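**Student:** Encoded as structure tokens, here's the structure I'll be asking about.
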Amino acid sequence: MIKVEHLFYSFNDLPLLEDLNFEVKSSEIIHLKGVNGSGKSTLLKILSGILNNFQGKILLSTDNVFFLGHNLGLKDSLTVNDNLLLDYRFNAEAESLDEACNIFDLNSLRDSKLFSLSQGQKKKVSLVQFFLSKCDLFLLDEPFANLDKKGIELIENMIIDRQNQGASIIFTSHEEHNISSRELIL
Amino acid sequence: MIKVEHLFYSFNDLPLLEDLNFEVKSSEIIHLKGVNGSGKSTLLKILSGILNNFQGKILLSTDNVFFLGHNLGLKDSLTVNDNLLLDYRFNAEAESLDEACNIFDLNSLRDSKLFSLSQGQKKKVSLVQFFLSKCDLFLLDEPFANLDKKGIELIENMIIDRQNQGASIIFTSHEEHNISSRELIL
Amino acid sequence: MRQFFSQLISFPYFFKLAQLSFPYIFVISIFVILLGVSWGVFFSPSDATQGDVYRIIYIHVPAASVAQSIYYTMVVASITYLIWRIKMASVFMISMAPLGALFTFLALFTGAVWGQPTWGTWWVWDARLTSTLILLILYLAIISLFSSFDRRDSTDQAVSIIVLIGGINLPIIKLSVEWWNTLHQSASITLSGSSIDNEMLIPLLISILGFYIYVTAIGMRRMQIEIIKREITHNWVKTIFQEKR
Amino acid sequence: MRNFYFKTFQRDSRVYLSRSSSFLGPIVFFLITITLYPIAFGSDEEQLAELAAGIIWISILLANLLSHQFIFNEDYKDGSLDLVLTSGKSLFLWASIKIFVNWYFSSLPLIFISIFTSFMLYLPFDAALILAITLFLGTPILSMFGALAGALTLERGNIVGSSIVIPLCLPALILGILAIQSYKNEELFFYIFLLAAFLFFSIPILIASCLGAIKLHFE
Amino acid sequence: MRNFYFKTFQRDSRVYLSRSSSFLGPIVFFLITITLYPIAFGSDEEQLAELAAGIIWISILLANLLSHQFIFNEDYKDGSLDLVLTSGKSLFLWASIKIFVNWYFSSLPLIFISIFTSFMLYLPFDAALILAITLFLGTPILSMFGALAGALTLERGNIVGSSIVIPLCLPALILGILAIQSYKNEELFFYIFLLAAFLFFSIPILIASCLGAIKLHFE
Ligand code: HEM
Ligand SMILES: Nc1ncnc2c1ncn2[C@@H]1O[C@H](COP(=O)(O)OP(=O)(O)OP(=O)(O)O)[C@@H](O)[C@H]1O
Ligand SMILES: Nc1ncnc2c1ncn2[C@@H]1O[C@H](COP(=O)(O)OP(=O)(O)OP(=O)(O)O)[C@@H](O)[C@H]1O
Ligand SMILES: [Mg+2]
Ligand SMILES: [Mg+2]
């Protein structure tokens with residue numbers, strides 16, 4: 001799925017990623033670890049094609065990539081519903097949308113503007129997007145942060161679901177999660 | 001330290017906090033829990049005086065309050081150093097600043113603009129502020145989110161330190177922490 | 001030749017070259033300027049119509065000329081940077097823009113001082129003056145971009161984009177300002193292309209040459225400073241500072 | 001996927017319409033600045049008629065640049081831009097759509113309103129029509145320059161961005177005003193032709209520059 | 001604690017100076033808008049001299065409002081405002097300091113530059129001096145209105161805010177222009193006195209309104 005060879009990345013001449021080599025096969029779940037500032041978010045951004053001026057080789061066998069960053073990519077001035085309906089990564093049908101919102105307890109908030117949601121609820125909206133999109137590679141940057149217990153469990157299950165469907169997942173988290181097939185430490 | 005009686009708060013006519021009653025003594029550590037959207041952040045904002053139009057009675061025996069919210073209150077365009085030196089809650093002397101930055105591994109970043117820090121590093125800067133200020137009441141909203149293991153331990157120890165100095169701490173977190181004297185569930 | 005260029009765009013080599021040559025170029029420029037200006041001011045005859053006021057020409061025209069030339073060299077640098085990513089080109093742009101602004105201001109100022117006795121007014125909205133003013137504004141705008149980025153590469157690229165677009169646009173602006181001006185015809189006084197006496201022309205040319213050399217010298221110094229700012233963490237800079245001590 | 005562009009279009013329109021402020025903002029700004037001039041210059045009919053073309057064009061220029069300055073800003077801050085970059089779709093088309101939506105909602109209404117205001121400033125009817133035509137050709141240029149300003153100062157949208165690009169908008173302004181002032185002459189067509197040519201050549205250059213400027217922030 | 005206010009002052013100055021753009025932005029904006037007018041109106045000396053006061057005042061008004069619009073915005077978004085509210089310190093003084101810092105860095109330079117531009121617009125020397133005086137009295141008013149505009153549209157700084165407050169700035173604009181136009185007469189002092197009075201009474205009212213507007217966002 002992914003093959004990274006001799007990846008170098010530096011920020012203002014300060015080397016951040018140095019000679020990184022790894023491989024991810026399909027149906028793998030990778031837990032990306034590292035102290036604050038070790039470059040986890042940067043690596044995910046490079047893999048997803050957001051950052052470009054790296055050195056080295058990155059081979060991706062798909063361009064159907066889902067990325068979730070620290071900034072969630074949601075529109076504050078739109079309602080939860082619009083945020084889901086107008087996401088280009090999936091075509092939400094009424095049913096699946098109902099179901100997904102139900103799972104995350106967002107049903108009562110579907111007509112609220114995103115602006116008025118709590119931190120964790122916003123995260124949940126972007127996780128509904130995760131739930132609804134069918135990609136081959138999922139790059140999730142701290143998907144568990146700000147979520148309550150139930151939310152964390154839900155996401156863990158969803159990640160495993162995706163794995164069973166043949167997708168690969170790389171996620172970062174500072175907690176322990178026993179769902180990962182492998183850990184990658186930066 | 002704090003006494004809350006019959007606290008009601010509603011947002012756009014939707015009741016959020018209903019008839020809340022509790023008391024916090026000095027040298028207590030309260031772990032505020034609750035699912036996403038249960039009003040934890042809102043409660044902390046009310047206690048710290050940011051939100052005002054609540055109903056009910058809140059008695060605070062101090063007005064020397066430290067608040068840490070989801071938005072950290074740091075200036076993106078200033079360096080880490082300036083962010084610390086120009087914080088009004090403490091007068092940072094060179095030594096204590098050195099020490100604090102050392103603890104959080106921020107020494108090499110002290111002249112970087114805050115903008116260029118990683119999510120967790122930003123959090124750490126605001127926790128240096130926590131470390132340096134001497135207040136009687138600390139209201140910390142998800143202080144552990146985005147932090148690496150070492151950071152979490154550090155904060156836990158600091159909270160206990162503050163308790164030993166007679167201060168009260170209320171923090172929210174979705175994880176378990178065995179430092180709290182009491183849990184408060186919303 | 002090719003090797004010479006590739007050396008010139010390497011920071012350490014350029015730094016050393018500039019370090020060695022700066023004193024000479026600087027001294028020469030001062031000498032040439034003094035020669036041109038003093039010849040013009042003390043020895044050339046006074047103008048038939050303007051008297052002695054015209055002598056300000058020995059500052060005004062060189063400044064105006066340098067101000068424009070700097071912009072065009074910056075456009076070349078920006079193209080170089082955008083195509084080949086040569087960092088030296090961006091160092092050049094960032095070091096020269098303030099100089100350009102300075103000389104544009106000097107041209108405006110001396111022109112205004114000259115205009116008062118000859119035209120009886122500080123300023124006319126004639127095509128040349130207006131486009132000089134716009135050039136100054138463009139320089140200031142470019143300078144104001146310098147610090148709106150936190151990443152250096154971004155600053156470099158933003159500056160080169162805006163320099164380039166300005167470069168494409170500058171002739172268009174000039175042309176349109178000229179149309180506008182000819183349509184209005186109200187500025188009764190314009191800079192006339194009157195032929196100048198040889199005795200005035202030679203010191204003027206010397207003075208212009210002096211200004212160009214001076215800009216080269218100061219520009220090199222500024223580029224050195226900019227290079228140090230960028231490479232402060234690199235070893236070759238550290239060794240230079242150690243040698244100094 | 002056609003879907004991507006269509007949803008971009010929909011989302012941007014929705015965002016625009018979700019706040020009456022972004023729709024009314026430029027209009028209110030334009031109307032108010034227009035009224036400043038008679039107050040500041042005195043209400044002499046002939047003088048105003050003479051200045052009208054300039055007043056309207058300057059006000060449109062400012063309103064347009066200022067309202068377009070935030071086109072890419074929000075997308076950058078809330079992370080939507082990251083998602084667009086991951087999508088692998090053509091950024092050129094994406095940016096064009098965004099600029100078009102913004103032009104449609106903020107500049108098009110201004111063009112209609114400018115016809116009314118031109119009567120308030122005693123511009124003859126023929127000249128007012130020419131004004132509308134020049135604005136129709138000129139405002140897209142202004143919008144693109146505004147977008148460029150925003151793209152250059154993505155991290156913080158402020159007054160700098162627009163001040164950088166105003167000098168670059170001068171040709172459009174001059175041609176527009178010249179066309180209106182020569183509304184009785186033959187030259188009119190020449191100026192309008194030039195303006196159209198300027199628009200034609202600006203589109204690829206400016207949108208490409210916008211993309212270049214945006215990419216600067218992702219390196 | 002004096003410390004709180006002093007540090008606010010320091011921090012705001014530092015933020016301002018940390019980007020050359022926020023310093024040069026209003027200057028560039030002012031210079032370029034000033035240049036737009038002769039280009040748009042034609043370069044007739046007498047006409048320009050007559051319009052000069054209006055042109056400069058309008059340009060200053062726009063530059064000032066637009067650069068002051070984000071005074072409270074950033075503090076709101078990054079959470080600093082929360083901290084100020086927790087501090088229990090006088091918000092009035094805090095807001096005054098912020099407005100002062102912004103006035104000092106963005107309006108004061110404009111006043112000096114306006115003297116040069118007034119020569120370019122053929123304003124007589126005496127009138128240029130009066131212009132500077134009226135600007136000195138008027139720009140703080142504009143700054144406060146700009147701050148109010150920002151406080152009203154805290155969530156997203158956009159063009160709307162400033163357009164709302166422009167009408168409120170009209171008295172300052174009119175008095176300033178009247179004073180300049182009567183620079184030879186006795187009435188001059190009357191207008192300047194009125195302007196000073198307007199400034200004097202605006203300070204408490206406008207700053208209090210800013211605070212009111214800010215507090216609306218925390219309910
Ligand atoms: C592109 C910028 C400029 C260039 C290349 C330039 C060049 C020249 C040259 C070659 C002359 C002498 C030739 C002659 O006598 O006509 C001259 C004269 C003059 N320039 Fe400039 N100039 C520039 C901008 C300005 C500006 C911005 C001002 C005013 C602020 C100005 C004011 C004058 C005046 C007052 C004279 C004497 C006019 C006269 O003899 O009638 N110039 N300039
Ligand atoms: N400005 C506001 N003031 C008060 N309540 C708000 C505001 N904005 C949103 N709310 C509502 O209050 C509810 C609770 O928000 P709050 O941020 O307090 O939750 P929380 O317990 O902190 O959740 P989380 O664990 O996700 O951070 C949200 O559902 C939201 O709809
Ligand atoms: N735009 C950027 N591109 C690349 N590197 C950056 C950028 N901005 C900041 N950096 C630097 O890269 C380092 C790593 O940042 P990154 O966000 O990847 O860390 P992280 O591993 O995700 O940390 P955290 O656990 O705190 O989220 C930071 O120390 C920062 O100085
Ligand atoms: Mg990260
Ligand atoms: Mg919360």
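In the structure tokens, chains take letters A, B, ... by order of appearance, with residues numbered from 1 within each chain and ligands from 1 in the order shown.
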Quick one: contact table of chain B to chain A, 12 Å max, nearest atom pair and distance in Å to one decimal per residue, counting only C-alpha atoms, chain and number order, as CSV?
**Tutor:**
residue,atom,partner,partner_atom,distance
B:Phe11,CA,A:Ser116,CA,9.4
B:Asn12,CA,A:Ser116,CA,10.0
B:Leu14,CA,A:Ser108,CA,11.6
B:Leu16,CA,A:Ser118,CA,11.9
B:Lys33,CA,A:Asp148,CA,9.1
B:Gly34,CA,A:Asp148,CA,7.6
B:Val35,CA,A:Asp148,CA,5.4
B:Asn36,CA,A:Gly120,CA,5.3
B:Gly37,CA,A:Ser118,CA,5.4
B:Ser38,CA,A:Ser118,CA,8.8
B:Gly39,CA,A:Ser118,CA,8.2
B:Lys40,CA,A:Ser118,CA,9.4
B:Ser41,CA,A:Ser118,CA,8.1
B:Thr42,CA,A:Ser118,CA,9.2
B:Gly69,CA,A:Gln119,CA,10.7
B:His70,CA,A:Gln119,CA,7.7
B:Asn71,CA,A:Gln119,CA,10.3
B:Phe104,CA,A:Asn36,CA,10.0
B:Asp105,CA,A:Asn36,CA,9.5
B:Leu106,CA,A:Gly37,CA,10.1
B:Ser108,CA,A:Leu14,CA,11.5
B:Leu109,CA,A:Gly37,CA,10.5
B:Ser112,CA,A:Asn12,CA,10.9
B:Ser116,CA,A:Phe11,CA,9.3
B:Leu117,CA,A:Gly37,CA,7.4
B:Ser118,CA,A:Gly37,CA,5.4
B:Gln119,CA,A:His70,CA,7.7
B:Gly120,CA,A:Asn36,CA,5.3
B:Gln121,CA,A:Asn36,CA,6.0
B:Lys122,CA,A:Asn36,CA,9.5
B:Lys123,CA,A:Asn36,CA,9.7
B:Lys124,CA,A:Asn36,CA,9.0
B:Val125,CA,A:Asn36,CA,11.8
B:Asp141,CA,A:Asn146,CA,10.3
B:Glu142,CA,A:Asn146,CA,7.7
B:Pro143,CA,A:Asn146,CA,10.5
B:Phe144,CA,A:Ala145,CA,9.4
B:Ala145,CA,A:Ala145,CA,6.0
B:Asn146,CA,A:Ala145,CA,6.7
B:Leu147,CA,A:Asn36,CA,6.7
B:Asp148,CA,A:His174,CA,5.4
B:Lys149,CA,A:His174,CA,6.5
B:Lys150,CA,A:Val35,CA,8.1
B:Gly151,CA,A:Asn36,CA,8.7
B:Ile152,CA,A:His174,CA,9.6
B:Thr172,CA,A:Asn146,CA,10.2
B:Ser173,CA,A:Asn146,CA,8.2
B:His174,CA,A:Asp148,CA,5.4
B:Glu175,CA,A:Lys149,CA,7.8
B:Glu176,CA,A:Lys149,CA,10.1
**Student:** Could you list the residues in chain B lying within 9 Å of chain C, using only C-alpha atoms, and format the result as number ranges by chain?
**Tutor:** B: 77, 113, 115-116
**Student:** Leaving out Ile161 in chain C and any residue of its chain fewer than 4 positions from it, which residues lie within 9 Å of it when counting only C-alpha atoms, given as a short mmCIF file (atom, residue, chain, number, x, y, z; two decimals) with N, CA, C and O atoms, in the first residue's frame?
**Tutor:**
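Output (around04.cif):
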data_model
loop_
_atom_site.label_atom_id
_atom_site.label_comp_id
_atom_site.auth_asym_id
_atom_site.auth_seq_id
_atom_site.Cartn_x
_atom_site.Cartn_y
_atom_site.Cartn_z
N SER C 78 13.52 37.20 -9.92
CA SER C 78 12.32 36.44 -9.54
C SER C 78 12.07 35.31 -10.53
O SER C 78 11.71 34.20 -10.13
N ILE C 79 12.31 35.58 -11.80
CA ILE C 79 12.14 34.49 -12.78
C ILE C 79 13.15 33.39 -12.49
O ILE C 79 12.82 32.21 -12.46
N LEU C 82 11.93 31.44 -9.53
CA LEU C 82 10.75 30.61 -9.75
C LEU C 82 11.07 29.40 -10.63
O LEU C 82 10.49 28.34 -10.46
N ASP C 156 10.16 33.86 0.23
CA ASP C 156 10.90 34.00 -1.02
C ASP C 156 9.98 33.87 -2.21
O ASP C 156 10.02 34.67 -3.15
N GLN C 157 9.13 32.87 -2.14
CA GLN C 157 8.29 32.60 -3.30
C GLN C 157 7.21 33.66 -3.45
O GLN C 157 6.93 34.10 -4.57
N ILE C 165 4.70 39.52 -11.13
CA ILE C 165 3.44 40.10 -11.62
C ILE C 165 3.57 41.60 -11.75
O ILE C 165 3.09 42.21 -12.72
N GLY C 166 4.26 42.21 -10.77
CA GLY C 166 4.52 43.63 -10.88
C GLY C 166 5.33 43.94 -12.12
O GLY C 166 5.10 44.94 -12.81
N SER D 209 -1.11 32.23 -10.44
CA SER D 209 -0.37 32.86 -9.35
C SER D 209 -1.03 32.57 -8.01
O SER D 209 -0.34 32.37 -7.01
N GLY D 212 0.08 29.22 -7.04
CA GLY D 212 1.47 29.30 -6.59
C GLY D 212 1.54 29.85 -5.19
O GLY D 212 2.22 29.30 -4.31
N ALA D 213 0.79 30.91 -4.95
CA ALA D 213 0.83 31.55 -3.64
C ALA D 213 0.28 30.62 -2.57
O ALA D 213 0.79 30.56 -1.46
#
**Student:** Give me, as an MDAnalysis selection string, the contact residues of chain E against chain D at a cut-off of 7 Å, counting only C-alpha atoms.
**Tutor:** chainID E and resid 21 25:26 28:29 32 40:41 51 54 66:67 159:160 163 174 177
**Student:** For N, CA, C and O atoms, I'd like the residues from the last selection saved as a PDB file, in the first residue's frame.
**Tutor:**
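out07.pdb, written as the output of this step:
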ATOM      1  N   SER E  21       4.480  43.856   8.005  1.00  0.00           N
ATOM      2  CA  SER E  21       3.290  44.065   7.208  1.00  0.00           C
ATOM      3  C   SER E  21       2.252  44.902   7.939  1.00  0.00           C
ATOM      4  O   SER E  21       1.611  45.750   7.357  1.00  0.00           O
ATOM      5  N   GLY E  25       1.359  48.102   6.067  1.00  0.00           N
ATOM      6  CA  GLY E  25       0.079  47.897   5.401  1.00  0.00           C
ATOM      7  C   GLY E  25      -0.749  49.157   5.257  1.00  0.00           C
ATOM      8  O   GLY E  25      -1.075  49.561   4.139  1.00  0.00           O
ATOM      9  N   PRO E  26      -1.107  49.804   6.367  1.00  0.00           N
ATOM     10  CA  PRO E  26      -1.935  51.003   6.253  1.00  0.00           C
ATOM     11  C   PRO E  26      -1.260  52.098   5.432  1.00  0.00           C
ATOM     12  O   PRO E  26      -1.929  52.810   4.674  1.00  0.00           O
ATOM     13  N   VAL E  28       0.911  51.781   2.894  1.00  0.00           N
ATOM     14  CA  VAL E  28       0.805  51.462   1.473  1.00  0.00           C
ATOM     15  C   VAL E  28      -0.629  51.677   1.001  1.00  0.00           C
ATOM     16  O   VAL E  28      -0.875  52.276  -0.049  1.00  0.00           O
ATOM     17  N   PHE E  29      -1.557  51.217   1.803  1.00  0.00           N
ATOM     18  CA  PHE E  29      -2.967  51.368   1.430  1.00  0.00           C
ATOM     19  C   PHE E  29      -3.315  52.840   1.247  1.00  0.00           C
ATOM     20  O   PHE E  29      -3.942  53.232   0.263  1.00  0.00           O
ATOM     21  N   ILE E  32      -1.596  54.361  -1.914  1.00  0.00           N
ATOM     22  CA  ILE E  32      -2.138  53.924  -3.199  1.00  0.00           C
ATOM     23  C   ILE E  32      -3.548  54.474  -3.415  1.00  0.00           C
ATOM     24  O   ILE E  32      -3.900  54.875  -4.518  1.00  0.00           O
ATOM     25  N   ALA E  40      -8.163  58.819 -11.324  1.00  0.00           N
ATOM     26  CA  ALA E  40      -9.570  58.656 -11.665  1.00  0.00           C
ATOM     27  C   ALA E  40     -10.228  59.991 -12.006  1.00  0.00           C
ATOM     28  O   ALA E  40     -11.123  60.049 -12.838  1.00  0.00           O
ATOM     29  N   PHE E  41      -9.792  61.071 -11.371  1.00  0.00           N
ATOM     30  CA  PHE E  41     -10.499  62.350 -11.525  1.00  0.00           C
ATOM     31  C   PHE E  41      -9.828  63.269 -12.530  1.00  0.00           C
ATOM     32  O   PHE E  41     -10.354  64.319 -12.845  1.00  0.00           O
ATOM     33  N   LEU E  51     -10.570  69.336  -4.023  1.00  0.00           N
ATOM     34  CA  LEU E  51     -11.026  68.044  -3.503  1.00  0.00           C
ATOM     35  C   LEU E  51     -10.061  67.464  -2.469  1.00  0.00           C
ATOM     36  O   LEU E  51     -10.404  66.508  -1.773  1.00  0.00           O
ATOM     37  N   GLY E  54     -11.052  66.371   1.065  1.00  0.00           N
ATOM     38  CA  GLY E  54     -11.957  65.217   1.035  1.00  0.00           C
ATOM     39  C   GLY E  54     -11.233  63.934   0.702  1.00  0.00           C
ATOM     40  O   GLY E  54     -11.417  62.906   1.355  1.00  0.00           O
ATOM     41  N   LEU E  66     -10.044  50.009   8.322  1.00  0.00           N
ATOM     42  CA  LEU E  66      -9.697  48.657   7.914  1.00  0.00           C
ATOM     43  C   LEU E  66      -8.557  48.094   8.744  1.00  0.00           C
ATOM     44  O   LEU E  66      -8.522  46.897   9.035  1.00  0.00           O
ATOM     45  N   SER E  67      -7.624  48.955   9.141  1.00  0.00           N
ATOM     46  CA  SER E  67      -6.511  48.393   9.903  1.00  0.00           C
ATOM     47  C   SER E  67      -6.872  48.186  11.369  1.00  0.00           C
ATOM     48  O   SER E  67      -6.220  47.435  12.071  1.00  0.00           O
ATOM     49  N   ILE E 159     -15.776  42.666   5.837  1.00  0.00           N
ATOM     50  CA  ILE E 159     -16.027  43.999   5.314  1.00  0.00           C
ATOM     51  C   ILE E 159     -17.263  44.648   5.935  1.00  0.00           C
ATOM     52  O   ILE E 159     -17.405  45.849   5.973  1.00  0.00           O
ATOM     53  N   VAL E 160     -18.163  43.817   6.476  1.00  0.00           N
ATOM     54  CA  VAL E 160     -19.401  44.360   7.019  1.00  0.00           C
ATOM     55  C   VAL E 160     -19.146  45.323   8.158  1.00  0.00           C
ATOM     56  O   VAL E 160     -19.688  46.421   8.204  1.00  0.00           O
ATOM     57  N   SER E 163     -18.291  48.701   7.278  1.00  0.00           N
ATOM     58  CA  SER E 163     -19.314  49.489   6.587  1.00  0.00           C
ATOM     59  C   SER E 163     -20.389  49.964   7.550  1.00  0.00           C
ATOM     60  O   SER E 163     -20.991  51.005   7.331  1.00  0.00           O
ATOM     61  N   ILE E 174     -16.898  65.288   8.321  1.00  0.00           N
ATOM     62  CA  ILE E 174     -17.427  66.587   7.897  1.00  0.00           C
ATOM     63  C   ILE E 174     -16.722  67.733   8.614  1.00  0.00           C
ATOM     64  O   ILE E 174     -16.290  68.710   8.004  1.00  0.00           O
ATOM     65  N   ILE E 177     -13.202  68.198   7.264  1.00  0.00           N
ATOM     66  CA  ILE E 177     -13.137  68.841   5.949  1.00  0.00           C
ATOM     67  C   ILE E 177     -13.529  70.305   6.036  1.00  0.00           C
ATOM     68  O   ILE E 177     -12.898  71.176   5.429  1.00  0.00           O
TER      69      ILE E 177
END
**Student:** Tell me, as a list in words, which residues lie within 12 Å of Leu129 in chain D, counting only C-alpha atoms; anything in the same chain fewer than 2 positions away does not count.
**Tutor:**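 Everything that qualifies: Ala53, Ile111, Phe112, Ser114, Ile115, Phe116, Ser118, Phe119, Leu123, Pro124, Phe125, Asp126, Ala127, Leu131, Ala132, Ile133, Thr134, Leu135, Phe136, Ala179, Ile180, Gln181, Tyr183 and Lys184 of chain D.
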**Student:** Taking only C-alpha atoms into account and nothing else, which residues of chain E lie no more than 7 Å away from chain B? Please answer as a tab-separated table (two decimals) with N, CA, C and O atoms, in the first residue's frame.
**Tutor:**
chain	number	residue	atom	x	y	z
E	3	ASN	N	1.06	45.76	36.41
E	3	ASN	CA	1.67	44.76	35.58
E	3	ASN	C	0.81	44.30	34.41
E	3	ASN	O	1.29	44.15	33.30
E	4	PHE	N	-0.45	44.07	34.70
E	4	PHE	CA	-1.37	43.56	33.68
E	4	PHE	C	-1.43	44.51	32.51
E	4	PHE	O	-1.27	44.11	31.35
E	7	LYS	N	1.92	44.86	30.66
E	7	LYS	CA	2.23	43.73	29.80
E	7	LYS	C	1.32	43.68	28.58
E	7	LYS	O	1.74	43.25	27.51
E	11	ARG	N	2.83	43.49	24.99
E	11	ARG	CA	2.51	42.37	24.11
E	11	ARG	C	1.92	42.88	22.80
E	11	ARG	O	2.29	42.44	21.72
E	15	VAL	N	3.43	42.29	19.14
E	15	VAL	CA	2.69	41.64	18.06
E	15	VAL	C	2.68	42.53	16.83
E	15	VAL	O	2.89	42.08	15.71
E	18	SER	N	6.13	42.59	15.23
E	18	SER	CA	6.66	41.32	14.77
E	18	SER	C	6.39	41.11	13.29
E	18	SER	O	6.93	40.21	12.69
E	78	ASP	N	-7.76	33.39	19.50
E	78	ASP	CA	-6.72	32.57	20.13
E	78	ASP	C	-6.94	32.37	21.62
E	78	ASP	O	-6.12	31.75	22.30
E	79	GLY	N	-8.04	32.90	22.14
E	79	GLY	CA	-8.36	32.65	23.53
E	79	GLY	C	-7.76	33.64	24.51
E	79	GLY	O	-7.98	33.53	25.72
E	80	SER	N	-7.01	34.64	24.04
E	80	SER	CA	-6.44	35.62	24.98
E	80	SER	C	-7.54	36.40	25.67
E	80	SER	O	-7.41	36.80	26.82
E	82	ASP	N	-10.39	35.37	26.62
E	82	ASP	CA	-10.84	34.58	27.77
E	82	ASP	C	-10.00	34.90	29.00
E	82	ASP	O	-10.51	35.14	30.09
E	83	LEU	N	-8.68	34.91	28.77
E	83	LEU	CA	-7.78	35.15	29.90
E	83	LEU	C	-7.97	36.54	30.47
E	83	LEU	O	-7.95	36.74	31.69
E	85	LEU	N	-10.70	38.19	30.47
E	85	LEU	CA	-11.95	38.18	31.23
E	85	LEU	C	-11.77	37.50	32.59
E	85	LEU	O	-12.38	37.89	33.57
E	86	THR	N	-10.93	36.48	32.65
E	86	THR	CA	-10.68	35.82	33.93
E	86	THR	C	-9.89	36.69	34.88
E	86	THR	O	-9.94	36.49	36.10
E	218	PHE	N	-19.93	36.67	24.90
E	218	PHE	CA	-19.69	35.79	26.05
E	218	PHE	C	-20.92	35.76	26.91
E	218	PHE	O	-20.98	36.41	27.94
E	219	GLU	N	-21.91	35.05	26.44
E	219	GLU	CA	-23.13	35.01	27.25
E	219	GLU	C	-23.57	33.58	27.45
E	219	GLU	O	-23.24	32.71	26.69
**Student:** Find the residue from D:Tyr16, D:Phe100, D:Phe72, D:Phe190 that sits nearest to Ala147 in chain D; use only C-alpha atoms when measuring.
**Tutor:**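 Among the listed residues, D:Phe72 lies closest to Ala147 in chain D.
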**Student:** Would you kindly report the residues of chain C within 6 Å of chain E, using only C-alpha atoms, as a list in words?
**Tutor:**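 Listed by rising number, the hits are Trp123, Trp125, Ser144, Ser147 and Ser186 of chain C.
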**Student:** Just write the chosen residues, N, CA, C and O atoms, as a compact mmCIF listing (two decimals), in the first residue's frame.
**Tutor:**
# COMPACT_ATOMS: atom_id res chain seq x y z
N TRP C 123 4.74 69.13 -7.34
CA TRP C 123 4.31 67.86 -7.93
C TRP C 123 3.35 68.10 -9.07
O TRP C 123 2.51 69.00 -9.00
N TRP C 125 0.83 65.61 -11.76
CA TRP C 125 0.42 64.22 -12.02
C TRP C 125 0.69 63.88 -13.46
O TRP C 125 -0.22 63.61 -14.23
N SER C 144 6.51 44.99 2.55
CA SER C 144 5.55 44.61 3.59
C SER C 144 5.21 43.12 3.53
O SER C 144 4.65 42.58 4.48
N SER C 147 7.57 39.94 6.05
CA SER C 147 7.39 39.26 7.33
C SER C 147 6.01 38.67 7.47
O SER C 147 5.60 38.32 8.56
N SER C 186 -3.86 68.00 -19.01
CA SER C 186 -3.93 69.17 -18.14
C SER C 186 -2.57 69.55 -17.58
O SER C 186 -2.31 70.70 -17.30
**Student:** Using only C-alpha atoms, determine which residues lie at most 12 Å from Met144 in chain E, disregarding the query and same-chain residues fewer than 4 positions distant; provide the list as a ChimeraX atom specification.
**Tutor:** /E:61,64-72,95-103,107,138-140,148-151,162,165-166,168-169,199-211
**Student:** So that I can see what lies close to Lys57 in chain B, please list as an MDAnalysis selection string the residues with an atom at most 9 Å from it, counting only C-alpha atoms and leaving out residues fewer than 4 positions away in the same chain.
**Tutor:** chainID B and resid 3:7
